[in-house]
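Colleague: Sharing model-v5.txt here; it has compact mmCIF, C-alpha atoms.
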# COMPACT_ATOMS: atom_id res chain seq x y z
CA MET O 120 0.00 0.00 0.00
CA ARG O 121 1.44 3.37 -0.98
CA TYR O 122 1.69 5.94 1.76
CA ASP O 123 0.99 9.65 1.75
CA ASP O 124 3.47 11.99 0.10
CA MET O 125 4.78 13.29 3.41
CA SER O 126 4.09 10.65 6.03
CA TYR O 127 4.76 6.95 5.87
CA ASP O 128 2.13 6.51 8.58
CA ASP O 129 -0.75 7.94 6.54
CA MET O 130 -1.87 5.30 4.02
CA ARG O 131 -3.66 6.04 0.77
CA TYR O 132 -6.23 3.56 -0.47
CA ASP O 133 -8.88 3.43 -3.15
CA ASP O 134 -12.63 3.12 -2.81
CA MET O 135 -13.23 -0.52 -3.66
CA SER O 136 -16.84 -1.28 -2.74
CA TYR O 137 -20.10 -1.14 -4.71
CA ASP O 138 -22.82 0.48 -2.68
CA ASP O 139 -26.01 -1.27 -3.69
CA MET O 140 -28.09 1.15 -1.64
CA SER O 141 -27.76 3.61 -4.52
CA ASN O 142 -29.20 1.99 -7.64
CA SER O 143 -31.30 2.67 -10.70
CA THR O 144 -34.60 2.24 -8.87
CA LEU O 145 -34.10 5.31 -6.69
CA ARG O 146 -36.08 8.39 -7.66
CA SER O 147 -36.42 12.04 -6.79
CA SER O 148 -37.13 15.36 -8.45
CA SER O 149 -36.15 18.97 -7.94
CA SER O 150 -38.31 22.05 -8.59
CA MET O 151 -36.40 25.29 -9.04
CA SER O 152 -37.35 28.74 -10.28
CA ASN O 153 -35.33 30.50 -12.97
CA LEU O 154 -32.25 28.26 -12.59
CA LEU O 155 -29.89 28.97 -15.45
CA ASP O 156 -32.82 30.52 -17.31
CA GLU O 157 -31.97 34.08 -18.24
CA SER O 158 -35.54 34.75 -19.34
CA GLY O 159 -36.95 33.95 -15.91
CA GLY O 160 -39.79 31.64 -14.98
CA SER O 161 -42.36 30.94 -12.37
CA SER O 162 -41.76 29.19 -9.09
CA PHE O 163 -43.59 26.01 -8.21
CA ASN O 164 -45.62 26.06 -5.01
CA ARG O 165 -45.25 22.87 -3.06
CA ALA O 166 -48.13 20.39 -2.96
CA PRO O 167 -48.13 17.15 -0.97
CA PRO O 168 -47.18 14.11 -3.02
CA PRO O 169 -49.81 11.43 -3.44
CA ALA O 170 -47.56 8.71 -1.95
CA PRO O 171 -44.60 8.63 0.44
CA PRO O 172 -41.36 9.63 -1.29
CA PRO O 173 -39.02 6.76 -2.18
CA PRO O 174 -35.57 6.15 -0.68
CA PHE O 175 -32.84 8.52 -1.77
CA SER O 176 -29.21 8.28 -2.85
CA PHE O 177 -26.22 10.55 -3.40
CA SER O 178 -27.31 11.15 -6.99
CA ASN O 179 -30.57 12.61 -5.67
CA ALA O 180 -29.10 14.73 -2.89
CA GLN O 181 -26.15 16.23 -4.77
CA PRO O 182 -28.11 17.99 -7.55
CA GLY O 183 -30.44 19.63 -5.04
CA HIS O 184 -27.52 21.11 -3.16
CA HIS O 185 -25.68 22.25 -6.30
CA LYS O 186 -28.66 24.12 -7.66
CA ARG O 187 -29.31 25.88 -4.37
CA ALA O 188 -25.64 26.80 -4.06
CA GLU O 189 -25.70 29.08 -7.09
CA SER O 190 -25.30 32.36 -5.28
CA ASN O 191 -26.45 34.69 -8.06
CA SER O 192 -29.72 32.88 -8.46
CA ASN O 193 -32.99 33.37 -6.64
CA ASP O 194 -33.09 29.58 -6.45
CA LYS O 195 -31.13 29.28 -3.21
CA ASP O 196 -34.44 29.15 -1.36
CA ALA O 197 -36.31 27.18 -4.01
CA GLU O 198 -38.26 24.12 -2.97
CA ILE O 199 -37.05 20.57 -3.47
CA ILE O 200 -39.95 18.20 -4.13
CA ARG O 201 -39.53 14.44 -4.11
CA THR O 202 -42.26 12.71 -6.08
CA ARG O 203 -43.03 10.30 -8.90
CA ASP O 204 -46.34 11.97 -9.75
CA PRO O 205 -46.24 12.91 -13.48
CA ALA O 206 -48.66 15.77 -12.90
CA LEU O 207 -46.32 17.36 -10.37
CA LEU O 208 -43.25 16.66 -12.49
CA ALA O 209 -44.84 18.49 -15.42
CA LYS O 210 -45.03 21.67 -13.30
CA CYS O 211 -41.41 21.53 -12.15
CA ASP O 212 -38.85 23.83 -13.68
CA ILE O 213 -36.13 21.20 -13.27
CA VAL O 214 -36.55 17.44 -12.90
CA VAL O 215 -33.68 15.24 -11.71
CA ASP O 216 -33.36 11.43 -11.59
CA VAL O 217 -36.97 10.67 -12.50
CA GLY O 218 -39.34 11.19 -15.42
CA GLY O 219 -37.59 9.07 -18.05
CA GLU O 220 -36.22 12.05 -19.99
CA PHE O 221 -32.86 13.61 -20.69
CA ASP O 222 -33.46 16.98 -22.32
CA PRO O 223 -31.14 19.75 -21.05
CA LYS O 224 -33.05 22.42 -22.99
CA ARG O 225 -36.08 21.62 -20.83
CA HIS O 226 -33.98 20.85 -17.74
CA ARG O 227 -34.89 17.16 -17.60
CA TYR O 228 -32.02 15.07 -16.21
CA ASP O 229 -32.95 11.41 -15.85
CA HIS O 230 -30.66 8.51 -16.79
CA HIS O 231 -32.84 5.44 -16.16
CA GLN O 232 -34.46 5.17 -19.60
CA ARG O 233 -33.25 2.34 -21.87
CA THR O 234 -32.17 4.82 -24.53
CA PHE O 235 -29.77 6.68 -22.22
CA ALA O 236 -26.09 5.81 -22.72
CA GLU O 237 -24.33 9.14 -22.26
CA ASP O 238 -21.02 9.70 -20.53
CA PHE O 239 -18.94 12.83 -20.02
CA HIS O 240 -16.92 12.17 -23.18
CA SER O 241 -19.97 11.67 -25.38
CA LEU O 242 -21.46 15.00 -24.28
CA CYS O 243 -18.12 16.86 -23.99
CA PRO O 244 -15.72 15.19 -26.46
CA GLU O 245 -12.74 17.12 -25.08
CA LYS O 246 -13.11 15.32 -21.73
CA PRO O 247 -11.79 11.75 -21.27
CA TRP O 248 -14.26 10.13 -18.84
CA VAL O 249 -16.41 7.31 -20.18
CA THR O 250 -18.28 6.22 -17.05
CA LYS O 251 -22.01 6.24 -17.76
CA LEU O 252 -23.54 9.34 -16.20
CA SER O 253 -26.08 9.31 -13.40
CA SER O 254 -28.24 12.32 -12.64
CA ALA O 255 -25.45 13.59 -10.38
CA GLY O 256 -23.02 13.64 -13.29
CA LEU O 257 -25.57 15.16 -15.63
CA VAL O 258 -26.27 18.05 -13.29
CA TYR O 259 -22.55 18.59 -12.64
CA LEU O 260 -21.74 18.48 -16.36
CA HIS O 261 -24.34 21.10 -17.24
CA PHE O 262 -24.13 23.38 -14.18
CA GLY O 263 -20.70 22.73 -12.67
CA ARG O 264 -18.78 25.45 -14.51
CA ARG O 265 -21.24 28.15 -13.48
CA LEU O 266 -21.26 26.89 -9.91
CA LEU O 267 -17.45 27.01 -9.69
CA ALA O 268 -17.40 30.50 -11.22
CA GLN O 269 -19.53 31.64 -8.30
CA LEU O 270 -17.72 29.66 -5.61
CA THR O 271 -14.13 30.45 -6.60
CA LYS O 272 -11.97 33.35 -7.70
CA LEU O 273 -9.92 31.30 -10.16
CA ASP O 274 -9.35 32.39 -13.74
CA GLU O 275 -11.10 30.48 -16.50
CA ASP O 276 -8.20 28.11 -17.27
CA ASP O 277 -7.73 27.12 -13.62
CA ARG O 278 -11.49 26.74 -13.14
CA GLU O 279 -11.54 24.29 -16.04
CA ILE O 280 -8.81 22.24 -14.36
CA LEU O 281 -10.80 22.32 -11.12
CA TYR O 282 -13.99 21.39 -12.98
CA GLY O 283 -12.32 18.23 -14.26
CA LYS O 284 -10.66 17.43 -10.96
CA LEU O 285 -13.93 17.57 -9.02
CA TYR O 286 -15.64 15.31 -11.49
CA GLU O 287 -12.80 12.79 -11.44
CA ASN O 288 -12.37 12.81 -7.65
CA PHE O 289 -15.89 13.48 -6.38
CA VAL O 290 -18.69 12.94 -8.89
CA GLU O 291 -17.51 10.10 -11.15
CA GLU O 292 -17.62 7.50 -8.38
CA VAL O 293 -21.23 8.49 -7.74
CA ASP O 294 -22.05 7.93 -11.41
CA ALA O 295 -20.42 4.51 -11.30
CA ILE O 296 -22.08 3.41 -8.06
CA ASP O 297 -25.50 4.64 -9.12
CA ASN O 298 -25.20 2.76 -12.42
CA GLY O 299 -23.81 -0.42 -10.81
CA ILE O 300 -20.39 -0.20 -12.48
CA SER O 301 -17.64 -2.02 -10.61
CA GLN O 302 -14.35 -0.23 -10.08
CA TYR O 303 -12.35 -3.40 -10.76
CA ASP O 304 -12.68 -6.96 -12.04
CA GLY O 305 -12.84 -9.92 -9.66
CA GLU O 306 -13.40 -10.19 -5.93
CA ALA O 307 -12.51 -7.33 -3.61
CA ARG O 308 -9.79 -8.02 -1.03
CA TYR O 309 -11.69 -5.91 1.51
CA ALA O 310 -14.80 -3.76 1.75
CA VAL O 311 -14.95 0.02 2.00
CA SER O 312 -18.21 1.10 3.64
CA THR O 313 -17.58 4.79 4.31
CA THR O 314 -17.95 6.27 0.84
CA MET O 315 -20.12 9.36 0.42
CA SER O 316 -22.73 7.26 -1.37
CA SER O 317 -22.94 4.77 1.50
CA ARG O 318 -23.12 7.53 4.12
CA VAL O 319 -26.01 9.11 2.25
CA GLY O 320 -27.67 5.71 1.94
CA HIS O 321 -27.45 5.15 5.70
CA LEU O 322 -29.64 8.21 6.23
CA ASN O 323 -32.62 6.36 4.77
CA PRO O 324 -35.02 4.82 7.30
CA ARG O 325 -34.07 1.33 8.41
CA TRP O 326 -36.19 -1.41 6.89
CA ASN O 327 -37.87 -2.16 10.23
CA SER O 328 -38.29 1.40 11.49
CA LYS O 329 -41.83 2.36 12.47
CA SER O 330 -41.56 5.53 10.42
CA GLN O 331 -40.58 5.24 6.77
CA ASP O 332 -40.60 9.00 6.19
CA THR O 333 -37.51 9.92 4.15
CA GLU O 334 -37.88 13.70 4.15
CA GLU O 335 -35.80 14.40 7.26
CA GLY O 336 -33.05 12.08 6.09
CA PHE O 337 -33.04 13.65 2.64
CA LYS O 338 -32.49 17.10 4.12
CA LYS O 339 -29.58 15.72 6.16
CA ALA O 340 -28.21 14.12 3.00
CA MET O 341 -28.29 17.40 1.10
CA ALA O 342 -26.44 19.11 3.95
CA LEU O 343 -23.88 16.29 4.14
CA VAL O 344 -23.20 16.31 0.41
CA GLY O 345 -23.09 20.09 0.28
CA GLU O 346 -20.62 20.40 3.13
CA GLU O 347 -18.28 17.81 1.65
CA PHE O 348 -18.50 19.25 -1.86
CA LEU O 349 -17.69 22.75 -0.64
CA ASP O 350 -14.82 21.35 1.43
CA ARG O 351 -13.39 19.70 -1.69
CA VAL O 352 -13.79 22.93 -3.69
CA ASP O 353 -11.94 24.81 -0.95
CA TYR O 354 -9.13 22.23 -0.81
CA TYR O 355 -8.63 21.99 -4.56
CA GLN O 356 -8.79 25.76 -5.02
CA ASN O 357 -6.54 26.76 -2.11
CA ALA O 358 -4.19 23.79 -1.72
CA TRP O 359 -4.21 21.49 -4.75
CA MET O 360 -4.16 24.19 -7.45
CA PRO O 361 -1.27 26.20 -5.86
CA ALA O 362 0.75 22.97 -5.72
CA ARG O 363 0.73 22.86 -9.51
CA GLY O 364 2.96 25.93 -9.64
CA VAL O 365 5.39 24.40 -7.13
CA VAL O 366 5.65 21.18 -9.13
CA LYS O 367 6.02 23.00 -12.44
CA GLU O 368 8.87 25.11 -11.08
CA ALA O 369 10.62 21.98 -9.78
CA VAL O 370 10.21 20.12 -13.07
CA GLU O 371 11.60 23.04 -15.05
CA ALA O 372 14.63 23.23 -12.71
CA ARG O 373 15.34 19.49 -12.63
CA TYR O 374 18.60 19.65 -14.60
CA GLN O 375 19.99 22.04 -11.99
CA VAL O 376 19.48 19.28 -9.41
CA ASP O 377 21.06 16.41 -11.34
CA PRO O 378 22.32 16.13 -14.92
CA SER O 379 20.07 13.13 -15.49
CA GLY O 380 16.94 15.27 -15.17
CA GLU O 381 15.37 12.40 -13.24
CA VAL O 382 15.26 14.06 -9.80
CA VAL O 383 13.19 17.06 -8.71
CA VAL O 384 13.33 19.00 -5.44
CA PHE O 385 10.46 20.69 -3.62
CA SER O 386 11.59 23.36 -1.21
CA GLN O 387 8.61 22.67 1.05
CA GLY O 388 7.10 19.34 2.02
CA GLY O 389 3.44 18.35 2.08
CA CYS O 390 2.79 19.34 -1.52
CA PRO O 391 0.29 17.07 -3.36
CA TRP O 392 2.54 16.43 -6.33
CA LYS O 393 1.74 13.16 -8.07
CA GLU O 394 -1.14 14.16 -10.35
CA HIS O 395 0.53 17.44 -11.22
CA LEU O 396 3.80 15.71 -12.04
CA PHE O 397 2.18 13.26 -14.44
CA SER O 398 0.18 15.94 -16.24
CA LEU O 399 3.12 18.36 -16.41
CA GLU O 400 5.41 15.71 -17.86
CA LYS O 401 2.97 15.47 -20.77
CA GLU O 402 2.44 19.20 -21.11
CA LEU O 403 6.17 20.01 -20.94
CA GLN O 404 7.05 17.01 -23.11
CA VAL O 405 9.47 15.55 -20.60
CA LYS O 406 11.32 12.85 -22.55
CA VAL O 407 13.08 11.06 -19.66
CA PRO O 408 10.53 10.22 -16.92
CA ILE O 409 11.30 11.65 -13.50
CA LYS O 410 12.19 8.93 -11.00
CA PHE O 411 12.58 10.66 -7.61
CA VAL O 412 11.30 13.67 -5.68
CA LEU O 413 13.10 15.21 -2.71
CA TYR O 414 11.47 17.33 -0.02
CA PRO O 415 12.03 18.33 3.61
CA ASP O 416 9.89 16.86 6.36
CA GLN O 417 8.49 18.63 9.43
CA ASN O 418 11.68 17.90 11.39
CA GLY O 419 13.96 19.55 8.86
CA GLN O 420 15.22 16.20 7.57
CA TRP O 421 14.88 15.14 3.94
CA ARG O 422 12.88 12.50 2.14
CA VAL O 423 13.64 10.81 -1.16
CA GLN O 424 10.46 9.35 -2.64
CA CYS O 425 10.06 7.23 -5.74
CA VAL O 426 7.69 8.38 -8.46
CA PRO O 427 5.03 5.67 -8.94
CA ALA O 428 4.49 4.12 -12.34
CA GLY O 429 0.96 5.58 -12.31
CA LEU O 430 -1.61 7.17 -10.04
CA ASN O 431 -3.37 3.90 -9.26
CA THR O 432 -0.47 1.50 -8.89
CA PHE O 433 1.87 0.57 -6.09
CA GLN O 434 4.73 -0.01 -8.51
CA ASN O 435 7.50 2.55 -8.92
CA ARG O 436 9.31 3.78 -11.97
CA LEU O 437 12.46 2.96 -10.02
CA SER O 438 12.62 1.73 -6.41
CA LEU O 439 15.43 2.45 -3.99
CA LEU O 440 18.09 -0.24 -3.87
CA GLU O 441 16.88 -3.59 -2.59
CA GLU O 442 19.79 -4.09 -0.17
CA TRP O 443 18.93 -0.82 1.62
CA ARG O 444 15.30 -1.70 2.31
CA GLY O 445 14.37 -2.11 5.94
CA VAL O 446 17.80 -0.90 7.14
CA ARG O 447 18.11 2.19 9.35
CA ASP O 448 20.43 4.85 10.72
CA ALA O 449 24.14 4.03 11.17
CA ALA O 450 23.75 0.57 9.67
CA LEU O 451 22.25 2.08 6.53
CA SER O 452 24.94 4.74 6.29
CA GLU O 453 27.62 2.08 6.60
CA LEU O 454 25.96 -0.17 4.03
CA SER O 455 25.36 2.60 1.49
CA GLY O 456 28.44 4.68 2.13
CA ILE O 457 26.21 7.77 2.41
CA LYS O 458 26.37 9.93 5.53
CA GLY O 459 23.27 10.83 7.51
CA CYS O 460 20.96 8.03 6.37
CA ILE O 461 17.82 7.59 8.47
CA PHE O 462 15.85 4.79 6.79
CA VAL O 463 14.69 3.12 3.63
CA HIS O 464 11.20 1.66 3.83
CA ALA O 465 10.93 -2.11 3.38
CA GLY O 466 8.79 -1.44 0.27
CA GLY O 467 11.61 0.57 -1.29
CA PHE O 468 9.46 3.55 -2.24
CA ILE O 469 10.70 6.11 0.27
CA GLY O 470 13.83 6.86 2.29
CA GLY O 471 15.17 9.53 4.59
CA ASN O 472 18.41 11.38 5.21
CA GLN O 473 19.46 14.16 7.55
CA THR O 474 20.41 16.46 4.64
CA GLN O 475 19.26 17.32 1.14
CA GLU O 476 22.67 16.33 -0.20
CA GLY O 477 22.40 12.91 1.44
CA ALA O 478 18.89 12.31 0.07
CA LEU O 479 20.06 13.34 -3.39
CA GLU O 480 23.00 10.94 -3.16
CA MET O 481 20.60 8.10 -2.32
CA ALA O 482 18.67 8.88 -5.52
CA ARG O 483 21.87 9.16 -7.57
CA ARG O 484 23.27 5.84 -6.35
CA THR O 485 19.99 4.15 -7.26
CA LEU O 486 20.06 5.68 -10.75
CA GLN O 487 23.65 4.59 -11.25
CA ALA O 488 22.89 1.05 -10.16
CA ALA O 489 19.86 0.87 -12.45
CA ALA O 490 22.00 1.91 -15.41
CA THR O 491 24.09 -1.26 -15.07
CA ALA O 492 21.68 -3.66 -13.37
CA SER O 493 18.75 -5.66 -14.70
CA PRO O 494 15.47 -3.76 -15.27
CA ALA O 495 13.82 -5.72 -12.45
CA ASN O 496 14.82 -3.07 -9.94
CA GLY O 497 12.51 -0.53 -11.49
CA SER O 498 9.48 -2.80 -11.27
CA SER O 499 9.62 -3.38 -7.54
CA SER O 500 6.35 -2.73 -5.78
CA SER O 501 5.99 -0.49 -2.75
CA SER O 502 3.38 -2.44 -0.92
CA SER O 503 3.27 -2.17 2.82
Rewrite the coordinates I just gave you, this time as structure tokens.
Modeller:
Amino acid sequence: MRYDDMSYDDMRYDDMSYDDMSNSTLRSSSSMSNLLDESGGSSFNRAPPPAPPPPFSFSNAQPGHHKRAESNSNDKDAEIIRTRDPALLAKCDIVVDVGGEFDPKRHRYDHHQRTFAEDFHSLCPEKPWVTKLSSAGLVYLHFGRRLLAQLTKLDEDDREILYGKLYENFVEEVDAIDNGISQYDGEARYAVSTTMSSRVGHLNPRWNSKSQDTEEGFKKAMALVGEEFLDRVDYYQNAWMPARGVVKEAVEARYQVDPSGEVVVFSQGGCPWKEHLFSLEKELQVKVPIKFVLYPDQNGQWRVQCVPAGLNTFQNRLSLLEEWRGVRDAALSELSGIKGCIFVHAGGFIGGNQTQEGALEMARRTLQAAATASPANGSSSSSS
């Protein structure tokens, strides 16, 4: 298991479970006045539905929050109505996840009909994602840019990066879960039961509860989804996006660090660098892939970390030398001939030294060994 960029105690893992509480039988609708309609329109006064509303899922709760969040609209206080009644749906300005129609001109955003097979790429060919859209993805695709323009102060180019990042790291998993698309082939090694979709699902009444009223839970779900979405917007805008500049500067200065161009140095630790590094290598047409990153830790010591072969793999482009792995302190310094060594993790993906020069030398020795050794060294995994 690969650890966090800065701490070998903080593990990173992927969402592996399929939450069957959020499936294609779940329904809801949203009524909004004037949303994204420059010509205006009439509001819909709430009427009681003819039958109790059905259970809800993330893909129901997220669109309601997103529409209300548009700060320049009068729709922040608009009513959210959950019903299957066709007569009520016909009066709604916007209908989400029910009704059997996808027609953005009329603000109809259902995905359950047999004829629906859209994904982000099919509707926006410049985008790469091919997961079938749920209503959550449909609403985000059509309204997300405007929402981010109101929530952030980023320029248009950076907003577009953020728009893609939030889909990839927040909304796409909802589309997949709601459409019953597995993240992987074969049996899961373990279950993950704390995804946003599962937390929303747990707010539905229990099967044996005396009350099966879903309205209170739905309101809690909207608040939960909204809080987490805004937290992600804040993080990506104020932490993840600024890191791009740090990584770009380091990549452009890599030949000043080592003539190989395969080592970069961040002057400050804690920077979320992996995604930026991979994208910048493509944008800057880096011919020789970068193998190591160096950065200081909170104690003023230095880390040398291997660049993974990809974002979703525990293999490295080049792992630290096998004979160093699991060795520490003076024993490691004696073995390697490098002063100030602190450790090399048993997985070979990260090491530490008291100085930047020592950490750089650990990277250089590994590069030199790889130049004369078999290619097997570069394929070592960094599992915990």
Colleague: Could you tell me how far CA of Gln417 in chain O lies from CA of Gly389 in chain O, in Å and to one decimal?
Modeller: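 For CA of Gln417 in chain O relative to CA of Gly389 in chain O, the distance reads 8.9 Å.
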Colleague: Pull the closest atom pair for each residue of range 279-348 of chain O that gets at most 12 Å from range 244-265 of chain O, along with the distance in Å to one decimal, counting all atoms listed in the file, ordering rows by chain and then ascending residue number, as a tab-separated table.
Modeller:
residue	atom	partner	partner_atom	distance
O:Glu279	CA	O:Arg264	CA	7.5
O:Ile280	CA	O:Arg264	CA	10.5
O:Leu281	CA	O:Arg264	CA	9.2
O:Tyr282	CA	O:Arg264	CA	6.5
O:Gly283	CA	O:Lys246	CA	8.1
O:Lys284	CA	O:Lys246	CA	11.2
O:Leu285	CA	O:Gly263	CA	9.3
O:Tyr286	CA	O:Tyr259	CA	7.7
O:Glu287	CA	O:Trp248	CA	8.0
O:Asn288	CA	O:Trp248	CA	11.7
O:Phe289	CA	O:Gly256	CA	9.9
O:Val290	CA	O:Gly256	CA	6.2
O:Glu291	CA	O:Gly256	CA	6.9
O:Glu292	CA	O:Thr250	CA	8.8
O:Val293	CA	O:Ala255	CA	7.1
O:Asp294	CA	O:Ser253	CA	4.7
O:Ala295	CA	O:Thr250	CA	6.4
O:Ile296	CA	O:Ser253	CA	8.9
O:Asp297	CA	O:Ser253	CA	6.4
O:Asn298	CA	O:Ser253	CA	6.7
O:Gly299	CA	O:Lys251	CA	9.8
O:Ile300	CA	O:Thr250	CA	8.2
O:Ser301	CA	O:Thr250	CA	10.5
O:Gln302	CA	O:Thr250	CA	10.3
O:Ser316	CA	O:Ala255	CA	11.3
O:Val344	CA	O:Ala255	CA	11.4
O:Phe348	CA	O:Tyr259	CA	11.5
Colleague: Using only C-alpha atoms, which of O:Pro391, O:Leu322, O:Phe235, O:Glu347 sits nearest Glu335 in chain O?
Modeller: O:Leu322
Colleague: With distances taken over only C-alpha atoms, which residue among O:Trp392, O:Tyr355, O:Phe397, O:Phe385 lies nearest Arg422 in chain O?
Modeller: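 For Arg422 in chain O, the nearest of the candidates is O:Phe385.
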Colleague: Could you tell me which of O:Phe462, O:Trp326, O:Phe337, O:Tyr228 comes closest to Asp212 in chain O if we count all atoms listed in the file?
Modeller: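 Smallest distance to Asp212 in chain O is found for O:Tyr228.
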Colleague: Near range 480-483 of chain O, counting only C-alpha atoms, which residues have an atom at most 7 Å away, once you skip same-chain residues fewer than 4 positions from it, shown as a list of chain:residue names?
Modeller: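 The residues that qualify are O:Phe411, O:Val423, O:Glu476, O:Gln487.
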Colleague: Quick one, how far is CA of Val383 in chain O from CA of Glu453 in chain O?
Modeller: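 Rounded to one decimal, the two atoms are 25.8 Å apart.
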Colleague: Hey, which of O:Val426, O:Asp377, O:Ala310, O:Lys338 ends up closest to Ile200 in chain O? Count only C-alpha atoms.
Modeller: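 When distances to Ile200 in chain O are compared using only C-alpha atoms, the smallest one comes from O:Lys338.
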Colleague: Lys393 in chain O: which residues within 10 Å, counting all atoms listed in the file, same-chain residues fewer than 5 positions away excluded, as a list of chain:residue names?
Modeller: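 Contacts, in chain order: O:Asp124, O:Arg363, O:Val366, O:Ser398, O:Leu399, O:Val412, O:Val426, O:Pro427, O:Gly429, O:Leu430.
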Colleague: Between O:Ser386, O:Asn435, O:Ser241, O:Gln356, single out the one closest to Asp274 in chain O, counting all atoms listed in the file.
Modeller: O:Gln356
Colleague: So which residues touch Leu451 in chain O within 8 Å, counting only C-alpha atoms, skipping near sequence neighbours fewer than 6 positions away, as a ChimeraX atom specification?
Modeller: /O:443,460-462
Colleague: Rounded to one decimal place, report the CA of Val382 in chain O-CA of Gly445 in chain O distance in Å.
Modeller: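 Answer for the CA of Val382 in chain O to CA of Gly445 in chain O separation: 22.6 Å.
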Colleague: For the point (10.5, -2.5, 3.4) in the file's frame, write as a PyMOL selection string all residues with an atom no more than 6 Å away, counting all atoms listed in the file.
Modeller: chain O and resi 444-445+464-467
